[in-house]
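Novice: Supplied in structure tokens, the structure appears directly below.
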2 protein chains.
Amino acid sequence: MQGEPVRSGRGRPTMKDVATRAGVALKTVSRVVNDEPGVTPETANRVRTAINELGFRRNDSARLLRKGQTASIGLIMEDIGDPFYSALSRAVEDVAHWNGSLLFTGSSDEDPQREQELVLALCARRVDGLIVIPASGDHRYLLPEIAAGVASVFVDRPAGMIDADAVLADNVGGTRAGVTHMIRQGHRRIGFIGDNPQIYTAAQRHRGYLEAMTGAGLAIDPSWVCMAKPTPDGIRDALSRMLAGPSPVTALFSGNNRITVRALREIAASGERIALVGFDDFELADLLSPGVTVVAQNPAEMGRRATELLFGRLAGMRGPAQYVELGTKLIVRGSGEIPPA
Amino acid sequence: MQGEPVRSGRGRPTMKDVATRAGVALKTVSRVVNDEPGVTPETANRVRTAINELGFRRNDSARLLRKGQTASIGLIMEDIGDPFYSALSRAVEDVAHWNGSLLFTGSSDEDPQREQELVLALCARRVDGLIVIPASGDHRYLLPEIAAGVASVFVDRPAGMIDADAVLADNVGGTRAGVTHMIRQGHRRIGFIGDNPQIYTAAQRHRGYLEAMTGAGLAIDPSWVCMAKPTPDGIRDALSRMLAGPSPVTALFSGNNRITVRALREIAASGERIALVGFDDFELADLLSPGVTVVAQNPAEMGRRATELLFGRLAGMRGPAQYVELGTKLIVRGSGEIPPA
DNA sequence: CTGAAAGCGCTTACAG
DNA sequence: CTGAAAGCGCTTACAG
């Protein structure tokens, strides 16, 4: 951990140090480091020797300050530990890397306050652009930043109270397809476990459920629907309410990957046998028995499209806010094809 | 996307602009922005008004350049899309946030070249420190950076050819425990599917397997062991070789989460019934039937310990390189308790 | 309490 | 081909 200092003062050697050692001007070092023309091979060699002897590495932060950009973008999501977001992150990183940018990542934990802190901290670092999976419902705090030139694209959920680019999944249509699939299997009493209705995707998927049920002329008992933060306890209670009443459900639609997993766990523990379709695909869904039928979205594709849009904006693309909606895919594996009891 | 310029020139307002508007000197603006004492409330108010009118936000990149640090750290791993690394990332992020640092993340895809590029790009940005899950076996390229003061801690695998802090799991002991567990169930012919033996963890776990078998006085048929990059095809072939020979295995140890999942898929497809213990826990391991017995490490704990060590170094902690070894936990769920045929 | 000057490590714009 | 000066947006060190 202890290093021998490579120059008199503390800290790292700078172009100035290299220049002194090579007996040239600062600007000449800059030319060599940046492969600019107009340096004799002999001079260039002297500079390169000095660079190696001193262990010089250009300070890109200083460079970028002068150039007025940072060659970095920020990604704010709910939780990078969640497989859905980590798959999305990877796609964002790849496109950023492709465009010569480094990536800051931050998790908001679905807390609007933390989202705003992270976003503004990144703006203060002057990231070139921002990919945001919003926790907040009000992004007016971003308006001055956008006006100042920070490109930003929202993913998974649209921005709140401002008009901005967004890449979304077809939440309503996907859910409608999943619920309709179970209706076609003969189910009439279908439950829905979603998330906090403040969350855009939760509300949209709930709407898809309502549309499918209403469209099929099916009434919905209030006890069949749970829209709340999906804690294990909450899901257990919701399930037992759905199954206990005078008109128990025979099928369940779960609103996202975490809910699906928790519901599976509860269903397995309860010993009940009901049909299940979940929004979001997840690893091993095919290996469970029965395999879990899901409405899959493609997180990598969402991340990729959003980041390409971001770099398009950074490259000068103008025009009104774009809304990209990506389709979903019903993947039939068994759990959604269990017939009504 | 189009914003009205808030000052004459293009770009964002600076402290200088604020100073001009408030009719004070630059330094006074700096004082107000940084809550430094020695400004009359009245002056401060004038400055704050100007800040709001102009939409000024301090440029932290410029600030940190002057201060000589960047309040950011970098995390280089194999693939942020992998749940193991994403869980680790989240822990790193939390500790970084706790310490007022932002986090750069980058995926090396197990490519030493890309690892080096990413690491050096981050060093050029002058990150304060680096958490590295190495792909490379030779980290001498980092020596000048470390000498220049970049703190660095290695996780999951030690640094190659240099002496540096590392947080590792007990790969040998964990694997030994897992294999021994199956030996105790009566298995004598146990297969091992690992990864490329160049990878530290792969080699260590292989060693644990050898120790357990040898320790129990069991001979190992060469066809039982596969040490190669775990492609789906490679795993299928390895499995059929293990099961086809004159002395087919009755049990299998799989060297990491991805191998386990792929092996499960192949075993399910083949219809064979063999015991399985895997290194690494994974979501839903308990919901499969049988549940999957695993040797669990704790990625979040690894990330947390490594990052705490990193910030300890940044806070001035001296002394020789530290090696932290974290224990593993055998989690019994059923697949490892299948008796020999 | 307030400010003018120098400097962080680079690049830009210009001169020789 | 090479370099001296100014500037990116801030903070530090010092003076009044």
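Simple scheme: letters A, B, ... for chains in structure tokens order, numbers from 1 for residues in each chain, numbers from 1 for ligands in the order shown.
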Can you pull out the residues contacting Met213 in chain A? Cut-off 9 Å, using only C-alpha atoms (C1' of nucleotides), and skip same-chain residues under 6 positions away; I want them as a list in words.
Specialist: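 The contact residues come out as Arg176, Val179, Thr180, Ile183, Arg188, Ile190, Ala219 and Ile220 of chain A.
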Novice: Pull out every residue of chain B that has at least one atom within 12 Å of chain D, counting only C-alpha atoms (C1' of nucleotides), and report them as a PyMOL selection string.
Specialist: chain B and resi 11-17+26-31+33-34+57-68
Novice: Counting only C-alpha atoms, a student should be able to say which residues of chain A come within 8 Å of chain B; what is the right answer, written as an NGL selection string?
Specialist: :A and (1-6 or 11-12 or 55 or 57-62 or 65 or 79-83 or 86-90 or 93 or 102-107 or 124-126 or 144 or 146-149 or 151 or 164 or 261 or 265 or 268 or 284 or 287-289 or 318-321)
Novice: Provide the CA of Ile193 in chain A to CA of Val225 in chain A distance in Å, to one decimal place.
Specialist: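 Interatomic distance here is 6.0 Å.
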Novice: Apply DSSP to the structure's backbone, then extract all residues of range 80-263 of chain B labelled strand (DSSP E) and return them as a ChimeraX atom specification.
Specialist: /B:102-107,129-132,151-155,165-169,190-194,225-227,251-254
Novice: Can you tell me, as a PyMOL selection string, which residues in range 193-240 of chain A count as alpha helix (DSSP H) by DSSP?
Specialist: chain A and resi 200-215+232-240
Novice: With a distance cut-off of 7 Å and only C-alpha atoms (C1' of nucleotides), select the neighbouring residues of range 271-279 of chain A, excluding the residue or stretch itself and same-chain residues fewer than 2 positions from it, and output the selection as number ranges by chain.
Specialist: A: 178, 250-257, 260, 267-269, 281, 292-296, 335-339
Novice: Have a look at CA of Pro222 in chain A and CA of Arg236 in chain A and let me know their distance in Å, one decimal.
Specialist: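 For CA of Pro222 in chain A relative to CA of Arg236 in chain A, the distance reads 16.5 Å.
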Novice: At what distance in Å, to one decimal, does CA of Arg114 in chain B lie from CA of Asp233 in chain B?
Specialist: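 Separation between CA of Asp233 in chain B and CA of Arg114 in chain B: 25.8 Å.
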